[in-house]
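Source file model_5.pdb; content: PDB, C-alpha atoms.
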ATOM      1  CA  ARG E   1       0.000   0.000   0.000  1.00  0.00           C
ATOM      2  CA  PRO E   2       1.261   3.484  -0.705  1.00  0.00           C
ATOM      3  CA  VAL E   3       2.549   5.537   2.181  1.00  0.00           C
ATOM      4  CA  VAL E   4       2.346   9.305   1.714  1.00  0.00           C
ATOM      5  CA  PHE E   5       4.883  11.592   3.357  1.00  0.00           C
ATOM      6  CA  SER E   6       5.981  15.168   2.872  1.00  0.00           C
ATOM      7  CA  VAL E   7       9.513  16.357   2.062  1.00  0.00           C
ATOM      8  CA  ALA E   8      10.081  20.124   1.890  1.00  0.00           C
ATOM      9  CA  GLY E   9       6.328  20.628   1.581  1.00  0.00           C
ATOM     10  CA  VAL E  10       5.945  18.237  -1.355  1.00  0.00           C
ATOM     11  CA  ALA E  11       3.763  15.167  -0.847  1.00  0.00           C
ATOM     12  CA  THR E  12       5.360  11.984  -2.089  1.00  0.00           C
ATOM     13  CA  SER E  13       4.027   8.436  -1.996  1.00  0.00           C
ATOM     14  CA  ILE E  14       6.058   5.251  -1.886  1.00  0.00           C
ATOM     15  CA  TYR E  15       5.134   1.615  -1.536  1.00  0.00           C
ATOM     16  CA  ALA E  16       6.332   0.234   1.774  1.00  0.00           C
ATOM     17  CA  THR E  17       6.437  -3.352   2.954  1.00  0.00           C
ATOM     18  CA  MET E  18       6.430  -4.255   6.621  1.00  0.00           C
ATOM     19  CA  MET E  19       7.049  -7.837   7.660  1.00  0.00           C
ATOM     20  CA  PRO E  20       7.395  -9.427  11.053  1.00  0.00           C
ATOM     21  CA  LEU E  21      10.872 -10.620  11.957  1.00  0.00           C
ATOM     22  CA  ALA E  22      11.784 -14.187  11.119  1.00  0.00           C
ATOM     23  CA  PRO E  23      11.651 -16.535  14.096  1.00  0.00           C
ATOM     24  CA  PRO E  24      14.891 -16.966  16.068  1.00  0.00           C
ATOM     25  CA  GLY E  25      17.355 -18.983  13.984  1.00  0.00           C
ATOM     26  CA  GLY E  26      15.170 -18.616  10.902  1.00  0.00           C
ATOM     27  CA  LEU E  27      15.334 -16.634   7.660  1.00  0.00           C
ATOM     28  CA  ARG E  28      12.634 -14.776   5.742  1.00  0.00           C
ATOM     29  CA  VAL E  29      12.826 -14.040   1.994  1.00  0.00           C
ATOM     30  CA  VAL E  30      10.625 -11.116   0.867  1.00  0.00           C
ATOM     31  CA  LEU E  31       9.783 -10.317  -2.757  1.00  0.00           C
ATOM     32  CA  SER E  32       8.226  -6.944  -3.602  1.00  0.00           C
ATOM     33  CA  TRP E  33       7.752  -5.450  -7.055  1.00  0.00           C
ATOM     34  CA  GLY E  34       5.880  -2.707  -8.923  1.00  0.00           C
ATOM     35  CA  GLU E  35       2.544  -2.616 -10.688  1.00  0.00           C
ATOM     36  CA  ARG E  36       3.753  -4.847 -13.524  1.00  0.00           C
ATOM     37  CA  PRO E  37       3.937  -7.762 -13.827  1.00  0.00           C
ATOM     38  CA  HIS E  38       0.711  -8.408 -11.960  1.00  0.00           C
ATOM     39  CA  ASP E  39       1.671 -11.726 -10.396  1.00  0.00           C
ATOM     40  CA  LEU E  40       5.154 -12.907  -9.484  1.00  0.00           C
ATOM     41  CA  ASP E  41       5.669 -16.147  -7.593  1.00  0.00           C
ATOM     42  CA  LEU E  42       8.431 -17.000  -5.163  1.00  0.00           C
ATOM     43  CA  TRP E  43       9.719 -20.593  -5.268  1.00  0.00           C
ATOM     44  CA  VAL E  44      12.296 -22.488  -3.187  1.00  0.00           C
ATOM     45  CA  ALA E  45      13.843 -25.757  -4.357  1.00  0.00           C
ATOM     46  CA  ARG E  46      16.760 -27.892  -3.294  1.00  0.00           C
ATOM     47  CA  ALA E  47      19.963 -26.770  -5.003  1.00  0.00           C
ATOM     48  CA  SER E  48      20.506 -30.360  -6.136  1.00  0.00           C
ATOM     49  CA  ASP E  49      17.280 -30.333  -8.212  1.00  0.00           C
ATOM     50  CA  PRO E  50      18.189 -29.412 -11.796  1.00  0.00           C
ATOM     51  CA  LEU E  51      14.772 -27.825 -12.443  1.00  0.00           C
ATOM     52  CA  PRO E  52      12.114 -27.122  -9.805  1.00  0.00           C
ATOM     53  CA  THR E  53       8.821 -28.917 -10.373  1.00  0.00           C
ATOM     54  CA  PHE E  54       5.439 -28.924  -8.694  1.00  0.00           C
ATOM     55  CA  ALA E  55       6.575 -32.011  -6.782  1.00  0.00           C
ATOM     56  CA  SER E  56       9.946 -30.677  -5.607  1.00  0.00           C
ATOM     57  CA  ALA E  57       9.444 -27.047  -4.575  1.00  0.00           C
ATOM     58  CA  VAL E  58       7.791 -24.793  -2.042  1.00  0.00           C
ATOM     59  CA  PHE E  59       5.480 -22.412  -3.946  1.00  0.00           C
ATOM     60  CA  TRP E  60       1.800 -21.363  -4.091  1.00  0.00           C
ATOM     61  CA  GLY E  61       0.640 -24.922  -4.884  1.00  0.00           C
ATOM     62  CA  GLN E  62       2.649 -26.493  -2.049  1.00  0.00           C
ATOM     63  CA  PRO E  63       3.092 -23.724   0.512  1.00  0.00           C
ATOM     64  CA  ASN E  64       4.138 -25.788   3.532  1.00  0.00           C
ATOM     65  CA  ALA E  65       7.012 -28.170   2.982  1.00  0.00           C
ATOM     66  CA  ASP E  66       7.301 -31.066   5.358  1.00  0.00           C
ATOM     67  CA  TYR E  67       9.088 -34.392   5.403  1.00  0.00           C
ATOM     68  CA  ALA E  68       6.103 -36.194   3.901  1.00  0.00           C
ATOM     69  CA  SER E  69       5.763 -33.874   0.915  1.00  0.00           C
ATOM     70  CA  LEU E  70       9.321 -32.987  -0.124  1.00  0.00           C
ATOM     71  CA  GLY E  71      11.736 -34.804   2.144  1.00  0.00           C
ATOM     72  CA  PRO E  72      13.732 -33.916   5.240  1.00  0.00           C
ATOM     73  CA  ASP E  73      15.900 -31.185   3.700  1.00  0.00           C
ATOM     74  CA  THR E  74      12.893 -28.975   2.988  1.00  0.00           C
ATOM     75  CA  ASP E  75      11.079 -29.524   6.277  1.00  0.00           C
ATOM     76  CA  GLY E  76      10.464 -26.119   7.855  1.00  0.00           C
ATOM     77  CA  ILE E  77      10.250 -24.021   4.680  1.00  0.00           C
ATOM     78  CA  ARG E  78       6.906 -22.359   4.045  1.00  0.00           C
ATOM     79  CA  LEU E  79       5.325 -19.824   1.730  1.00  0.00           C
ATOM     80  CA  ASP E  80       3.692 -17.339   4.085  1.00  0.00           C
ATOM     81  CA  ARG E  81       1.979 -15.139   1.535  1.00  0.00           C
ATOM     82  CA  ASP E  82       1.053 -15.450  -2.154  1.00  0.00           C
ATOM     83  CA  GLN E  83       0.172 -12.012  -3.533  1.00  0.00           C
ATOM     84  CA  ILE E  84      -1.528 -12.050  -6.955  1.00  0.00           C
ATOM     85  CA  LEU E  85      -2.429  -8.393  -7.572  1.00  0.00           C
ATOM     86  CA  SER E  86       0.859  -6.515  -8.096  1.00  0.00           C
ATOM     87  CA  TYR E  87       3.376  -5.025  -5.662  1.00  0.00           C
ATOM     88  CA  GLY E  88       3.726  -8.029  -3.352  1.00  0.00           C
ATOM     89  CA  PRO E  89       4.992  -8.912  -0.964  1.00  0.00           C
ATOM     90  CA  GLU E  90       5.438 -12.632  -1.255  1.00  0.00           C
ATOM     91  CA  THR E  91       7.319 -14.168   1.647  1.00  0.00           C
ATOM     92  CA  ILE E  92       8.953 -17.504   2.333  1.00  0.00           C
ATOM     93  CA  THR E  93      10.200 -18.403   5.790  1.00  0.00           C
ATOM     94  CA  PHE E  94      12.950 -20.879   6.597  1.00  0.00           C
ATOM     95  CA  LEU E  95      12.457 -22.084  10.174  1.00  0.00           C
ATOM     96  CA  ASP E  96      15.362 -23.184  12.349  1.00  0.00           C
ATOM     97  CA  THR E  97      14.356 -26.810  11.635  1.00  0.00           C
ATOM     98  CA  VAL E  98      15.866 -26.626   8.130  1.00  0.00           C
ATOM     99  CA  GLN E  99      18.844 -28.973   7.887  1.00  0.00           C
ATOM    100  CA  PRO E 100      22.192 -27.208   8.393  1.00  0.00           C
ATOM    101  CA  GLY E 101      24.379 -27.266   5.294  1.00  0.00           C
ATOM    102  CA  ALA E 102      21.513 -27.982   2.885  1.00  0.00           C
ATOM    103  CA  GLY E 103      21.593 -25.869  -0.277  1.00  0.00           C
ATOM    104  CA  TYR E 104      18.570 -24.125  -1.748  1.00  0.00           C
ATOM    105  CA  ARG E 105      17.667 -22.069  -4.787  1.00  0.00           C
ATOM    106  CA  VAL E 106      15.215 -19.202  -4.488  1.00  0.00           C
ATOM    107  CA  ALA E 107      13.522 -18.431  -7.796  1.00  0.00           C
ATOM    108  CA  VAL E 108      11.003 -15.900  -9.072  1.00  0.00           C
ATOM    109  CA  ASN E 109       8.459 -16.882 -11.709  1.00  0.00           C
ATOM    110  CA  VAL E 110       6.440 -14.364 -13.724  1.00  0.00           C
ATOM    111  CA  TYR E 111       3.100 -16.065 -13.290  1.00  0.00           C
ATOM    112  CA  SER E 112       0.967 -13.528 -15.139  1.00  0.00           C
ATOM    113  CA  ASP E 113       1.118 -10.013 -16.477  1.00  0.00           C
ATOM    114  CA  ASP E 114      -2.636 -10.040 -17.083  1.00  0.00           C
ATOM    115  CA  PRO E 115      -4.736  -8.500 -14.298  1.00  0.00           C
ATOM    116  CA  VAL E 116      -7.771 -10.644 -15.206  1.00  0.00           C
ATOM    117  CA  VAL E 117      -5.975 -13.983 -14.811  1.00  0.00           C
ATOM    118  CA  ASP E 118      -7.170 -15.135 -11.414  1.00  0.00           C
ATOM    119  CA  ALA E 119      -6.943 -18.900 -11.714  1.00  0.00           C
ATOM    120  CA  GLN E 120      -3.675 -20.711 -11.178  1.00  0.00           C
ATOM    121  CA  CYS E 121      -2.559 -24.034 -12.562  1.00  0.00           C
ATOM    122  CA  SER E 122      -3.179 -27.073 -10.473  1.00  0.00           C
ATOM    123  CA  PRO E 123      -0.075 -28.810  -9.121  1.00  0.00           C
ATOM    124  CA  GLU E 124      -1.506 -32.013 -10.600  1.00  0.00           C
ATOM    125  CA  GLU E 125      -1.249 -30.580 -14.143  1.00  0.00           C
ATOM    126  CA  PRO E 126       1.970 -31.523 -15.935  1.00  0.00           C
ATOM    127  CA  ALA E 127       2.447 -28.005 -17.332  1.00  0.00           C
ATOM    128  CA  CYS E 128       0.672 -24.709 -17.778  1.00  0.00           C
ATOM    129  CA  ALA E 129       1.367 -21.594 -19.791  1.00  0.00           C
ATOM    130  CA  PHE E 130       0.005 -18.087 -20.073  1.00  0.00           C
ATOM    131  CA  LEU E 131       0.253 -15.607 -22.907  1.00  0.00           C
ATOM    132  CA  GLY E 132       1.283 -12.103 -22.027  1.00  0.00           C
TER     133      GLY E 132
END
What do you get writing this file as structure tokens?
Amino acid sequence: RPVVFSVAGVATSIYATMMPLAPPGGLRVVLSWGERPHDLDLWVARASDPLPTFASAVFWGQPNADYASLGPDTDGIRLDRDQILSYGPETITFLDTVQPGAGYRVAVNVYSDDPVVDAQCSPEEPACAFLG
């Protein structure tokens, strides 16, 4: 949301993001952007995975990684917020339960630059694409 402040009598607005601190021993990744593209998505995958897939990443379709879903090296990683209408933020939190020494890749996907696209692909679908 825009925050309006005055500098030398001139009103200026900026977009500000406020997030709570990560839990002790944890890490929070925050993605903010402008009006375009309309929907960016934050993903986290194991560094050893050559290409993140619906079955191997933390993202909007699998927001809470646990041992049962992705394995022990992603336990404790969660997508806190999936923002779909510009600006963000999207946040992913790494809790202190994440295995020490494990490597991860944080990626950003341009999901849509069309403000009327409100449906997202199902994780069960093998692939999805959007024009724009």
Exercise for the section: I would like the residues chosen by the PyMOL selection byres ((chain E and resi 40) around 9) on the shown file; could you give them as a count of residues only? Expected result: 21
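Distance check against Ala45 of chain E using only C-alpha atoms: of E:Pro63, E:Pro23, E:Pro89, E:Pro100, the minimum falls on E:Pro63.
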**Request:** In Å, rounded to a single decimal, give me how far atom CA of Ala55 of chain E is from atom CA of Asp96 of chain E.
**Result:**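 Value for the atom CA of Asp96 of chain E-atom CA of Ala55 of chain E distance: 22.8 Å.
What separates atom CA of Leu21 of chain E from atom CA of Arg78 of chain E is a distance of 14.7 Å.
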Distance criterion (all atoms listed in the file): nearest to Asp80 of chain E out of E:Ala102, E:Val29, E:Met18, E:Ala8: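 Between E:Ala102, E:Val29, E:Met18, E:Ala8, the residue approaching Asp80 of chain E most closely is E:Val29.
Relative to atom CA of Arg46 of chain E, atom CA of Pro24 of chain E is found at 22.3 Å.
Minimum atom-to-atom distances from E:Ala57, E:Ile14, E:Val44, E:Ile77 to Gln99 of chain E were compared using all atoms listed in the file, and the lowest value belongs to E:Ile77.
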Around segment 104-115 of chain E, fit a box with edges along x, y and z, padding it by 5 Å on each side, then list its centre and edge lengths in Å to one decimal as AutoDock Vina command-line options.
--center_x 6.9 --center_y -16.3 --center_z -9.4 --size_x 33.3 --size_y 25.6 --size_z 25.3
